[in-house]
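Dumped upload.cif below, it's mmCIF, C-alpha atoms:
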```
data_entry
#
loop_
_atom_site.group_PDB
_atom_site.id
_atom_site.type_symbol
_atom_site.label_atom_id
_atom_site.label_comp_id
_atom_site.auth_asym_id
_atom_site.auth_seq_id
_atom_site.Cartn_x
_atom_site.Cartn_y
_atom_site.Cartn_z
ATOM 1 C CA MET H 1369 -62.160 -42.345 92.771
ATOM 2 C CA THR H 1370 -58.643 -41.613 91.705
ATOM 3 C CA ALA H 1371 -59.751 -40.830 88.161
ATOM 4 C CA THR H 1372 -62.397 -38.439 89.441
ATOM 5 C CA THR H 1373 -59.879 -36.587 91.580
ATOM 6 C CA HIS H 1374 -57.540 -36.278 88.628
ATOM 7 C CA ARG H 1375 -60.299 -34.831 86.447
ATOM 8 C CA THR H 1376 -61.284 -32.223 89.015
ATOM 9 C CA GLN H 1377 -57.730 -31.071 89.731
ATOM 10 C CA SER H 1378 -56.405 -31.103 86.191
ATOM 11 C CA PRO H 1379 -58.214 -27.901 84.974
ATOM 12 C CA THR H 1380 -57.053 -26.013 88.081
ATOM 13 C CA ALA H 1381 -53.481 -27.119 87.623
ATOM 14 C CA ALA H 1382 -53.617 -26.163 83.954
ATOM 15 C CA THR H 1383 -55.155 -22.730 84.430
ATOM 16 C CA THR H 1384 -53.564 -21.498 87.670
ATOM 17 C CA PRO H 1385 -50.099 -20.585 86.199
ATOM 18 C CA ARG H 1386 -51.616 -18.679 83.305
ATOM 19 C CA HIS H 1387 -53.004 -15.722 85.254
ATOM 20 C CA PRO H 1388 -49.810 -14.696 87.080
ATOM 21 C CA ALA H 1389 -47.756 -15.036 83.871
ATOM 22 C CA GLY H 1390 -50.171 -12.887 81.876
ATOM 23 C CA ARG H 1391 -50.366 -10.331 84.631
ATOM 24 C CA VAL H 1392 -46.584 -10.069 84.858
ATOM 25 C CA GLU H 1393 -46.383 -9.644 81.098
ATOM 26 C CA ARG H 1394 -48.947 -6.829 81.165
ATOM 27 C CA ILE H 1395 -47.090 -5.082 83.999
ATOM 28 C CA THR H 1396 -43.809 -5.408 82.098
ATOM 29 C CA ARG H 1397 -45.349 -3.903 78.960
ATOM 30 C CA ALA H 1398 -46.841 -1.032 80.950
ATOM 31 C CA ARG H 1399 -43.495 -0.296 82.572
ATOM 32 C CA ARG H 1400 -41.748 -0.320 79.202
ATOM 33 C CA ALA H 1401 -44.361 2.014 77.727
ATOM 34 C CA LEU H 1402 -44.057 4.353 80.717
ATOM 35 C CA THR H 1403 -40.272 4.346 80.437
ATOM 36 C CA GLY H 1404 -40.508 5.151 76.740
ATOM 37 C CA TRP H 1405 -42.874 8.066 77.373
ATOM 38 C CA LEU H 1406 -40.580 9.405 80.087
ATOM 39 C CA PHE H 1407 -37.715 9.474 77.591
ATOM 40 C CA VAL H 1408 -39.909 11.120 74.939
ATOM 41 C CA LEU H 1409 -41.523 13.650 77.292
ATOM 42 C CA PRO H 1410 -38.700 16.283 77.364
ATOM 43 C CA ALA H 1411 -38.403 16.315 73.569
ATOM 44 C CA ALA H 1412 -42.198 16.391 73.227
ATOM 45 C CA LEU H 1413 -42.447 19.367 75.577
ATOM 46 C CA VAL H 1414 -39.768 21.274 73.659
ATOM 47 C CA TYR H 1415 -41.462 20.418 70.352
ATOM 48 C CA GLY H 1416 -44.837 21.508 71.667
ATOM 49 C CA VAL H 1417 -43.573 24.815 73.088
ATOM 50 C CA PHE H 1418 -41.292 25.846 70.245
ATOM 51 C CA VAL H 1419 -43.010 24.267 67.205
ATOM 52 C CA LEU H 1420 -46.669 23.397 67.740
ATOM 53 C CA ARG H 1421 -47.576 26.445 69.837
ATOM 54 C CA PRO H 1422 -46.056 28.986 67.371
ATOM 55 C CA LEU H 1423 -47.695 27.118 64.486
ATOM 56 C CA LEU H 1424 -51.137 27.264 66.080
ATOM 57 C CA THR H 1425 -50.573 30.918 67.023
ATOM 58 C CA THR H 1426 -49.634 31.741 63.428
ATOM 59 C CA ILE H 1427 -52.798 30.062 62.150
ATOM 60 C CA TRP H 1428 -54.843 32.065 64.677
ATOM 61 C CA TYR H 1429 -53.206 35.360 63.696
ATOM 62 C CA SER H 1430 -53.870 34.658 60.019
ATOM 63 C CA PHE H 1431 -57.593 35.252 60.578
ATOM 64 C CA TYR H 1432 -57.023 38.790 61.902
ATOM 65 C CA ASN H 1433 -56.090 42.166 60.532
ATOM 66 C CA TRP H 1434 -53.432 42.988 63.125
ATOM 67 C CA ASP H 1435 -50.409 45.276 63.222
ATOM 68 C CA GLY H 1436 -48.736 43.445 66.101
ATOM 69 C CA ILE H 1437 -49.488 46.157 68.700
ATOM 70 C CA SER H 1438 -53.098 47.329 68.748
ATOM 71 C CA VAL H 1439 -56.199 45.177 69.020
ATOM 72 C CA GLY H 1440 -56.721 43.136 65.869
ATOM 73 C CA SER H 1441 -59.980 42.770 63.978
ATOM 74 C CA TRP H 1442 -61.396 39.479 62.717
ATOM 75 C CA VAL H 1443 -61.287 39.194 58.905
ATOM 76 C CA GLY H 1444 -61.811 35.472 58.461
ATOM 77 C CA LEU H 1445 -60.335 34.140 55.214
ATOM 78 C CA ASP H 1446 -59.672 37.564 53.695
ATOM 79 C CA ASN H 1447 -55.933 37.287 54.279
ATOM 80 C CA TYR H 1448 -55.834 33.945 52.478
ATOM 81 C CA GLY H 1449 -57.805 35.405 49.617
ATOM 82 C CA ARG H 1450 -55.251 38.179 49.374
ATOM 83 C CA VAL H 1451 -52.374 35.711 49.318
ATOM 84 C CA LEU H 1452 -53.961 33.696 46.518
ATOM 85 C CA THR H 1453 -54.884 36.710 44.378
ATOM 86 C CA ASP H 1454 -52.187 39.330 44.940
ATOM 87 C CA PRO H 1455 -49.743 39.195 41.979
ATOM 88 C CA GLN H 1456 -46.762 40.217 44.116
ATOM 89 C CA LEU H 1457 -47.363 37.491 46.708
ATOM 90 C CA LEU H 1458 -47.991 34.885 44.019
ATOM 91 C CA SER H 1459 -44.803 35.886 42.212
ATOM 92 C CA SER H 1460 -42.810 35.323 45.404
ATOM 93 C CA ILE H 1461 -44.181 31.762 45.560
ATOM 94 C CA GLY H 1462 -43.262 31.304 41.897
ATOM 95 C CA HIS H 1463 -39.711 32.463 42.605
ATOM 96 C CA ALA H 1464 -39.414 29.864 45.383
ATOM 97 C CA PHE H 1465 -40.455 27.078 43.014
ATOM 98 C CA PHE H 1466 -37.981 28.387 40.428
ATOM 99 C CA LEU H 1467 -35.190 28.094 43.006
ATOM 100 C CA ILE H 1468 -35.881 24.340 43.259
ATOM 101 C CA LEU H 1469 -33.979 24.048 39.977
ATOM 102 C CA PHE H 1470 -30.834 25.470 41.620
ATOM 103 C CA PHE H 1471 -31.318 24.203 45.166
ATOM 104 C CA THR H 1472 -32.396 20.654 44.258
ATOM 105 C CA VAL H 1473 -31.959 19.572 40.635
ATOM 106 C CA PHE H 1474 -28.413 20.839 40.072
ATOM 107 C CA PRO H 1475 -27.008 19.752 43.483
ATOM 108 C CA VAL H 1476 -28.562 16.271 43.299
ATOM 109 C CA ILE H 1477 -27.435 15.589 39.720
ATOM 110 C CA GLY H 1478 -24.026 17.137 40.360
ATOM 111 C CA GLY H 1479 -23.683 15.246 43.633
ATOM 112 C CA LEU H 1480 -24.469 11.940 41.907
ATOM 113 C CA LEU H 1481 -21.862 12.528 39.209
ATOM 114 C CA VAL H 1482 -19.168 13.721 41.610
ATOM 115 C CA ALA H 1483 -19.812 10.836 44.020
ATOM 116 C CA ALA H 1484 -19.639 8.297 41.187
ATOM 117 C CA LEU H 1485 -16.428 9.822 39.824
ATOM 118 C CA LEU H 1486 -14.792 9.772 43.247
ATOM 119 C CA GLN H 1487 -15.772 6.114 43.513
ATOM 120 C CA GLU H 1488 -14.078 5.385 40.179
ATOM 121 C CA ILE H 1489 -10.940 7.482 40.734
ATOM 122 C CA ARG H 1490 -8.997 5.650 43.412
ATOM 123 C CA ILE H 1491 -6.054 8.007 43.891
ATOM 124 C CA ARG H 1492 -4.744 7.843 47.424
ATOM 125 C CA GLY H 1493 -5.822 10.881 49.442
ATOM 126 C CA LEU H 1494 -7.900 12.391 46.638
ATOM 127 C CA GLY H 1495 -11.197 11.182 48.035
ATOM 128 C CA THR H 1496 -10.568 12.627 51.486
ATOM 129 C CA ALA H 1497 -9.406 15.971 50.094
ATOM 130 C CA ALA H 1498 -12.377 16.173 47.720
ATOM 131 C CA ARG H 1499 -14.886 15.370 50.473
ATOM 132 C CA THR H 1500 -13.337 17.999 52.714
ATOM 133 C CA LEU H 1501 -13.471 20.699 50.035
ATOM 134 C CA LEU H 1502 -17.034 19.799 49.054
ATOM 135 C CA PHE H 1503 -18.269 19.807 52.647
ATOM 136 C CA LEU H 1504 -16.680 23.147 53.567
ATOM 137 C CA PRO H 1505 -19.728 25.201 52.411
ATOM 138 C CA GLN H 1506 -21.858 23.291 54.930
ATOM 139 C CA ILE H 1507 -20.001 24.752 57.893
ATOM 140 C CA ILE H 1508 -20.411 28.306 56.577
ATOM 141 C CA PRO H 1509 -23.674 30.029 57.614
ATOM 142 C CA GLY H 1510 -25.927 30.853 54.682
ATOM 143 C CA ALA H 1511 -25.856 34.559 55.534
ATOM 144 C CA ALA H 1512 -22.047 34.636 55.487
ATOM 145 C CA ALA H 1513 -21.955 32.710 52.222
ATOM 146 C CA ALA H 1514 -24.403 35.195 50.694
ATOM 147 C CA VAL H 1515 -22.221 38.155 51.698
ATOM 148 C CA ALA H 1516 -19.158 36.498 50.129
ATOM 149 C CA TRP H 1517 -21.046 35.842 46.900
ATOM 150 C CA VAL H 1518 -22.278 39.453 46.813
ATOM 151 C CA TRP H 1519 -18.637 40.519 46.521
ATOM 152 C CA MET H 1520 -18.005 37.883 43.862
ATOM 153 C CA PHE H 1521 -21.055 38.921 41.808
ATOM 154 C CA SER H 1522 -20.298 42.663 41.990
ATOM 155 C CA SER H 1523 -19.248 44.632 38.923
ATOM 156 C CA ASN H 1524 -15.542 44.230 39.786
ATOM 157 C CA GLY H 1525 -15.954 40.868 41.479
ATOM 158 C CA THR H 1526 -14.362 37.517 40.843
ATOM 159 C CA VAL H 1527 -17.086 36.303 38.480
ATOM 160 C CA ASN H 1528 -16.769 39.236 36.091
ATOM 161 C CA GLN H 1529 -12.985 39.143 36.296
ATOM 162 C CA ALA H 1530 -12.991 35.466 35.349
ATOM 163 C CA LEU H 1531 -15.359 36.093 32.429
ATOM 164 C CA SER H 1532 -13.179 38.962 31.197
ATOM 165 C CA ALA H 1533 -10.080 36.770 31.440
ATOM 166 C CA ILE H 1534 -11.547 34.189 29.038
ATOM 167 C CA GLY H 1535 -12.828 36.772 26.555
ATOM 168 C CA LEU H 1536 -16.456 36.986 27.697
ATOM 169 C CA GLU H 1537 -16.343 40.578 28.868
ATOM 170 C CA SER H 1538 -19.462 41.360 26.823
ATOM 171 C CA ILE H 1539 -21.692 39.366 29.169
ATOM 172 C CA THR H 1540 -20.321 40.800 32.408
ATOM 173 C CA ARG H 1541 -22.806 42.709 34.519
ATOM 174 C CA SER H 1542 -23.823 43.468 38.068
ATOM 175 C CA TRP H 1543 -25.465 40.070 38.444
ATOM 176 C CA LEU H 1544 -27.436 40.667 41.624
ATOM 177 C CA GLY H 1545 -28.617 44.066 40.367
ATOM 178 C CA ASP H 1546 -29.933 42.752 37.045
ATOM 179 C CA PHE H 1547 -33.688 42.141 36.888
ATOM 180 C CA ASP H 1548 -33.276 39.090 34.641
ATOM 181 C CA TRP H 1549 -30.215 37.487 36.225
ATOM 182 C CA ALA H 1550 -30.587 38.297 39.920
ATOM 183 C CA LEU H 1551 -32.727 35.245 40.738
ATOM 184 C CA PRO H 1552 -30.479 32.750 38.881
ATOM 185 C CA ALA H 1553 -27.473 34.352 40.596
ATOM 186 C CA VAL H 1554 -29.099 33.752 43.985
ATOM 187 C CA GLY H 1555 -29.828 30.208 42.840
ATOM 188 C CA ILE H 1556 -26.144 29.626 42.108
ATOM 189 C CA ILE H 1557 -25.390 30.425 45.754
ATOM 190 C CA GLY H 1558 -27.895 27.748 46.746
ATOM 191 C CA THR H 1559 -26.316 25.282 44.312
ATOM 192 C CA TRP H 1560 -22.898 25.906 45.821
ATOM 193 C CA LEU H 1561 -24.239 25.329 49.336
ATOM 194 C CA GLY H 1562 -26.255 22.224 48.466
ATOM 195 C CA LEU H 1563 -23.728 20.417 46.258
ATOM 196 C CA GLY H 1564 -21.443 19.423 49.121
ATOM 197 C CA PHE H 1565 -24.281 18.104 51.279
ATOM 198 C CA CYS H 1566 -25.662 15.949 48.459
ATOM 199 C CA THR H 1567 -22.222 14.689 47.432
ATOM 200 C CA ILE H 1568 -21.199 13.613 50.938
ATOM 201 C CA LEU H 1569 -24.532 11.889 51.547
ATOM 202 C CA LEU H 1570 -24.381 10.066 48.213
ATOM 203 C CA ILE H 1571 -20.753 9.041 48.736
ATOM 204 C CA SER H 1572 -21.765 7.415 52.011
ATOM 205 C CA GLY H 1573 -24.547 5.627 50.142
ATOM 206 C CA ILE H 1574 -22.174 4.336 47.465
ATOM 207 C CA GLY H 1575 -19.935 2.983 50.207
ATOM 208 C CA LYS H 1576 -22.767 0.627 51.225
ATOM 209 C CA ILE H 1577 -23.092 -0.903 47.748
ATOM 210 C CA ASP H 1578 -21.476 -4.324 47.446
ATOM 211 C CA THR H 1579 -18.284 -3.957 45.402
ATOM 212 C CA SER H 1580 -18.927 -7.325 43.770
ATOM 213 C CA ILE H 1581 -21.816 -5.726 41.869
ATOM 214 C CA TYR H 1582 -19.443 -3.203 40.306
ATOM 215 C CA GLU H 1583 -16.942 -5.959 39.520
ATOM 216 C CA ALA H 1584 -19.642 -8.030 37.840
ATOM 217 C CA ALA H 1585 -20.716 -5.009 35.802
ATOM 218 C CA ARG H 1586 -17.133 -4.433 34.632
ATOM 219 C CA ILE H 1587 -16.756 -8.101 33.701
ATOM 220 C CA ASP H 1588 -19.927 -7.824 31.613
ATOM 221 C CA GLY H 1589 -18.359 -4.881 29.782
ATOM 222 C CA ALA H 1590 -20.436 -2.083 31.345
ATOM 223 C CA GLY H 1591 -18.784 1.338 31.153
ATOM 224 C CA PHE H 1592 -18.975 4.196 33.611
ATOM 225 C CA PHE H 1593 -22.310 5.597 32.412
ATOM 226 C CA HIS H 1594 -24.041 2.206 32.208
ATOM 227 C CA THR H 1595 -22.810 1.328 35.698
ATOM 228 C CA PHE H 1596 -23.895 4.734 36.928
ATOM 229 C CA ARG H 1597 -27.363 4.374 35.427
ATOM 230 C CA TYR H 1598 -28.160 0.744 36.224
ATOM 231 C CA VAL H 1599 -26.199 0.130 39.434
ATOM 232 C CA THR H 1600 -25.372 3.340 41.284
ATOM 233 C CA VAL H 1601 -28.555 5.378 40.845
ATOM 234 C CA PRO H 1602 -31.041 2.571 41.704
ATOM 235 C CA ALA H 1603 -29.021 1.628 44.795
ATOM 236 C CA LEU H 1604 -29.060 5.241 46.043
ATOM 237 C CA ARG H 1605 -32.833 5.655 45.969
ATOM 238 C CA ALA H 1606 -33.128 6.353 49.704
ATOM 239 C CA GLU H 1607 -30.184 8.778 49.771
ATOM 240 C CA ILE H 1608 -31.503 10.646 46.730
ATOM 241 C CA GLY H 1609 -34.864 10.922 48.479
ATOM 242 C CA VAL H 1610 -33.220 12.527 51.507
ATOM 243 C CA CYS H 1611 -31.292 14.975 49.306
ATOM 244 C CA VAL H 1612 -34.405 15.949 47.363
ATOM 245 C CA THR H 1613 -36.504 16.381 50.504
ATOM 246 C CA VAL H 1614 -33.969 18.550 52.327
ATOM 247 C CA THR H 1615 -33.109 20.727 49.338
ATOM 248 C CA VAL H 1616 -36.717 21.258 48.225
ATOM 249 C CA ILE H 1617 -37.603 22.477 51.710
ATOM 250 C CA ALA H 1618 -34.522 24.737 51.624
ATOM 251 C CA ALA H 1619 -35.660 26.217 48.301
ATOM 252 C CA LEU H 1620 -39.282 26.838 49.279
ATOM 253 C CA ALA H 1621 -38.408 28.173 52.741
ATOM 254 C CA SER H 1622 -35.304 30.112 51.666
ATOM 255 C CA PHE H 1623 -34.672 33.347 53.505
ATOM 256 C CA ASP H 1624 -31.110 34.021 54.671
ATOM 257 C CA ILE H 1625 -29.417 33.702 51.278
ATOM 258 C CA VAL H 1626 -31.944 35.914 49.517
ATOM 259 C CA PHE H 1627 -32.227 38.478 52.275
ATOM 260 C CA MET H 1628 -28.484 38.939 52.702
ATOM 261 C CA SER H 1629 -27.734 39.052 48.981
ATOM 262 C CA THR H 1630 -30.591 41.070 47.449
ATOM 263 C CA GLN H 1631 -33.289 41.657 50.132
ATOM 264 C CA GLY H 1632 -35.765 40.673 47.434
ATOM 265 C CA GLY H 1633 -34.542 43.178 44.860
ATOM 266 C CA PRO H 1634 -34.013 44.631 42.405
ATOM 267 C CA GLY H 1635 -37.675 45.496 42.594
ATOM 268 C CA TYR H 1636 -39.407 42.241 43.479
ATOM 269 C CA SER H 1637 -37.407 40.068 41.096
ATOM 270 C CA THR H 1638 -35.901 37.874 43.849
ATOM 271 C CA THR H 1639 -38.606 38.138 46.500
ATOM 272 C CA VAL H 1640 -39.450 34.740 47.972
ATOM 273 C CA PRO H 1641 -42.113 33.923 50.594
ATOM 274 C CA GLY H 1642 -39.592 33.919 53.450
ATOM 275 C CA VAL H 1643 -38.464 37.462 52.660
ATOM 276 C CA GLN H 1644 -42.034 38.560 51.955
ATOM 277 C CA ILE H 1645 -43.197 37.260 55.329
ATOM 278 C CA TYR H 1646 -40.414 39.165 57.071
ATOM 279 C CA GLN H 1647 -41.214 42.386 55.223
ATOM 280 C CA LEU H 1648 -44.964 42.124 55.817
ATOM 281 C CA GLY H 1649 -44.622 41.260 59.491
ATOM 282 C CA PHE H 1650 -41.713 43.409 60.645
ATOM 283 C CA THR H 1651 -41.509 46.246 58.113
ATOM 284 C CA GLU H 1652 -45.122 46.845 57.120
ATOM 285 C CA SER H 1653 -46.703 45.639 60.416
ATOM 286 C CA ARG H 1654 -49.216 43.431 58.604
ATOM 287 C CA VAL H 1655 -48.929 40.462 60.898
ATOM 288 C CA GLY H 1656 -52.186 38.832 59.826
ATOM 289 C CA LEU H 1657 -51.269 38.792 56.136
ATOM 290 C CA ALA H 1658 -47.735 37.622 56.935
ATOM 291 C CA SER H 1659 -49.176 34.768 59.022
ATOM 292 C CA ALA H 1660 -51.531 33.744 56.217
ATOM 293 C CA LEU H 1661 -48.631 33.643 53.756
ATOM 294 C CA ALA H 1662 -46.628 31.550 56.236
ATOM 295 C CA VAL H 1663 -49.492 29.069 56.572
ATOM 296 C CA VAL H 1664 -49.896 28.844 52.784
ATOM 297 C CA LEU H 1665 -46.143 28.284 52.420
ATOM 298 C CA THR H 1666 -46.245 25.501 55.011
ATOM 299 C CA ALA H 1667 -49.144 23.853 53.196
ATOM 300 C CA LEU H 1668 -47.310 24.089 49.855
ATOM 301 C CA ILE H 1669 -44.219 22.471 51.346
ATOM 302 C CA LEU H 1670 -46.324 19.590 52.673
ATOM 303 C CA VAL H 1671 -48.108 19.207 49.336
ATOM 304 C CA VAL H 1672 -44.762 18.917 47.564
ATOM 305 C CA ILE H 1673 -42.852 16.850 50.130
ATOM 306 C CA VAL H 1674 -45.441 14.166 50.993
ATOM 307 C CA PRO H 1675 -45.735 12.806 47.410
ATOM 308 C CA LEU H 1676 -41.948 12.928 47.033
ATOM 309 C CA GLN H 1677 -41.565 10.841 50.189
ATOM 310 C CA ARG H 1678 -43.941 8.237 48.811
ATOM 311 C CA ILE H 1679 -42.207 8.177 45.425
ATOM 312 C CA PHE H 1680 -38.801 7.490 46.947
ATOM 313 C CA ARG H 1681 -40.201 4.878 49.345
ATOM 314 C CA GLU H 1682 -41.748 2.833 46.527
ATOM 315 C CA LYS H 1683 -39.703 -0.132 45.350
#
```
Kindly transcribe the structure held in the file into structure tokens.
Amino acid sequence: MTATTHRTQSPTAATTPRHPAGRVERITRARRALTGWLFVLPAALVYGVFVLRPLLTTIWYSFYNWDGISVGSWVGLDNYGRVLTDPQLLSSIGHAFFLILFFTVFPVIGGLLVAALLQEIRIRGLGTAARTLLFLPQIIPGAAAAVAWVWMFSSNGTVNQALSAIGLESITRSWLGDFDWALPAVGIIGTWLGLGFCTILLISGIGKIDTSIYEAARIDGAGFFHTFRYVTVPALRAEIGVCVTVTVIAALASFDIVFMSTQGGPGYSTTVPGVQIYQLGFTESRVGLASALAVVLTALILVVIVPLQRIFREK
């Protein structure tokens, strides 16, 4: 009789506590999820209003022939066909990819070398002074930096004066007014702006590397370049990925530097998609074509950036 009572009560005693505990756990998870969404909601609303809505509106406008004022007419994919076949629009995209050399390659390589040298040269106060000087361009707006460089690249500017002082007067020119040299000159402005950002980011990355690794490399007889190649660069994979991502986007979506320095000239030699979109939309009142070019530019940036992100995430 006692055994039977024990058998009948044992399942109830074993199962009764489980339901309240599971229910409490589910309620706790729901509350945490709700709290998380409440924190995310303001940022999500701002993102939706100021990013997603304009993006969807731009895509919608790209299917119309519209001047921004009168009623637009539906043209389907004609604007995209124009973007992909018009030599002037294609050349602007080519110029943006050319600027990657100055906005990305030079700043990243230069930033790596400068960061490694500052790590090696341990003179008191030098590192702080160098970081301050390198980061100064980051606090200057791109438009203001472009105006300053316009003065420096002028016929009587600092660049030509420096070249004349070292006996290279024969190659002096109005750099931003030269059809062949205007785009590289604009690229140099981008290099100057990007070098400090990359250097500071890479210096912070080097600071996280265990110093014992460098000491072991020195004991094994590794010089500066071997240490740089086999220790520093592999350890900075994530930081290099950030530098490349940010600077590639800056090159492809460049506007302020180009507009304030050359406005796309001389001719169309420095026209980039950002400037072309502005001119089509606000000067020529071809909002549909400008929107199509903006969508194509966004797609190109994603096509370039997504593989780069995967490359720098791989170990």
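The closest residue to Pro1422 in chain H, picked from H:Pro1634, H:Ser1659, H:Ala1606, H:Leu1502 and counting all atoms listed in the file, is H:Ser1659.
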Spatial neighbours of Phe1465 in chain H, max dist 12 Å, all atoms listed in the file, sep filter under 4 positions, as number ranges by chain: H: 1458-1461, 1469-1473, 1551, 1555, 1615-1622, 1638-1641, 1665, 1668-1669, 1672
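Remark: for Pro1475 in chain H, the closest of the candidate residues H:Gly1436, H:Gly1635, H:Gly1558, H:Gly1591 is H:Gly1558 (distances computed over only C-alpha atoms).
Atom to atom, CA of Leu1604 in chain H and CA of Leu1570 in chain H stand 7.1 Å apart.
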Phe1547 in chain H environment, 12 Å, all atoms listed in the file, sequence neighbours closer than 3 positions dropped, as a list of chain:residue names: H:Arg1541, H:Ser1542, H:Trp1543, H:Leu1544, H:Ala1550, H:Leu1551, H:Pro1552, H:Ala1553, H:Val1554, H:Thr1630, H:Gly1632, H:Gly1633, H:Pro1634, H:Gly1635, H:Tyr1636, H:Ser1637, H:Thr1638, H:Thr1639
Could you save those same residues with C-alpha atoms as an mmCIF file, in the coordinates of the input?
```
data_model
loop_
_atom_site.group_PDB
_atom_site.id
_atom_site.type_symbol
_atom_site.label_atom_id
_atom_site.label_comp_id
_atom_site.auth_asym_id
_atom_site.auth_seq_id
_atom_site.Cartn_x
_atom_site.Cartn_y
_atom_site.Cartn_z
ATOM 1 C CA ARG H 1541 -22.806 42.709 34.519
ATOM 2 C CA SER H 1542 -23.823 43.468 38.068
ATOM 3 C CA TRP H 1543 -25.465 40.070 38.444
ATOM 4 C CA LEU H 1544 -27.436 40.667 41.624
ATOM 5 C CA ALA H 1550 -30.587 38.297 39.920
ATOM 6 C CA LEU H 1551 -32.727 35.245 40.738
ATOM 7 C CA PRO H 1552 -30.479 32.750 38.881
ATOM 8 C CA ALA H 1553 -27.473 34.352 40.596
ATOM 9 C CA VAL H 1554 -29.099 33.752 43.985
ATOM 10 C CA THR H 1630 -30.591 41.070 47.449
ATOM 11 C CA GLY H 1632 -35.765 40.673 47.434
ATOM 12 C CA GLY H 1633 -34.542 43.178 44.860
ATOM 13 C CA PRO H 1634 -34.013 44.631 42.405
ATOM 14 C CA GLY H 1635 -37.675 45.496 42.594
ATOM 15 C CA TYR H 1636 -39.407 42.241 43.479
ATOM 16 C CA SER H 1637 -37.407 40.068 41.096
ATOM 17 C CA THR H 1638 -35.901 37.874 43.849
ATOM 18 C CA THR H 1639 -38.606 38.138 46.500
#
```
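Taking CA of Asp1454 in chain H and CA of Phe1431 in chain H as endpoints, the distance between them is 17.0 Å.
Counting all atoms listed in the file and comparing H:Ala1533, H:Leu1480, H:Ile1507, H:Ala1584, the residue that lies closest to Pro1602 in chain H is H:Leu1480.
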Trp1434 in chain H environment, 9 Å, all atoms listed in the file, sequence neighbours closer than 5 positions dropped, as a PyMOL selection string: chain H and resi 1429+1439-1442+1653-1657
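You will find CA of Ala1662 in chain H at 8.7 Å from CA of Ser1430 in chain H.
Taking all atoms listed in the file into account, Gly1444 in chain H lies nearest to H:Ile1427 out of the set H:Leu1569, H:Ile1427, H:Ala1398, H:Ile1574.
Every residue that the PyMOL selection byres ((chain H and resi 1501) around 12) selects in this file is listed here: Leu1494, Gly1495, Thr1496, Ala1497, Ala1498, Arg1499, Thr1500, Leu1502, Phe1503, Leu1504, Pro1505, Gln1506, Ile1507, Trp1560, Leu1561, Leu1563, Gly1564, Phe1565, Thr1567 and Ile1568 of chain H.
Of the residues listed (H:Leu1409, H:Gly1478, H:Ala1603, H:Cys1566), H:Ala1603 shows the shortest atom-to-atom separation from Ile1581 in chain H; distances use only C-alpha atoms.
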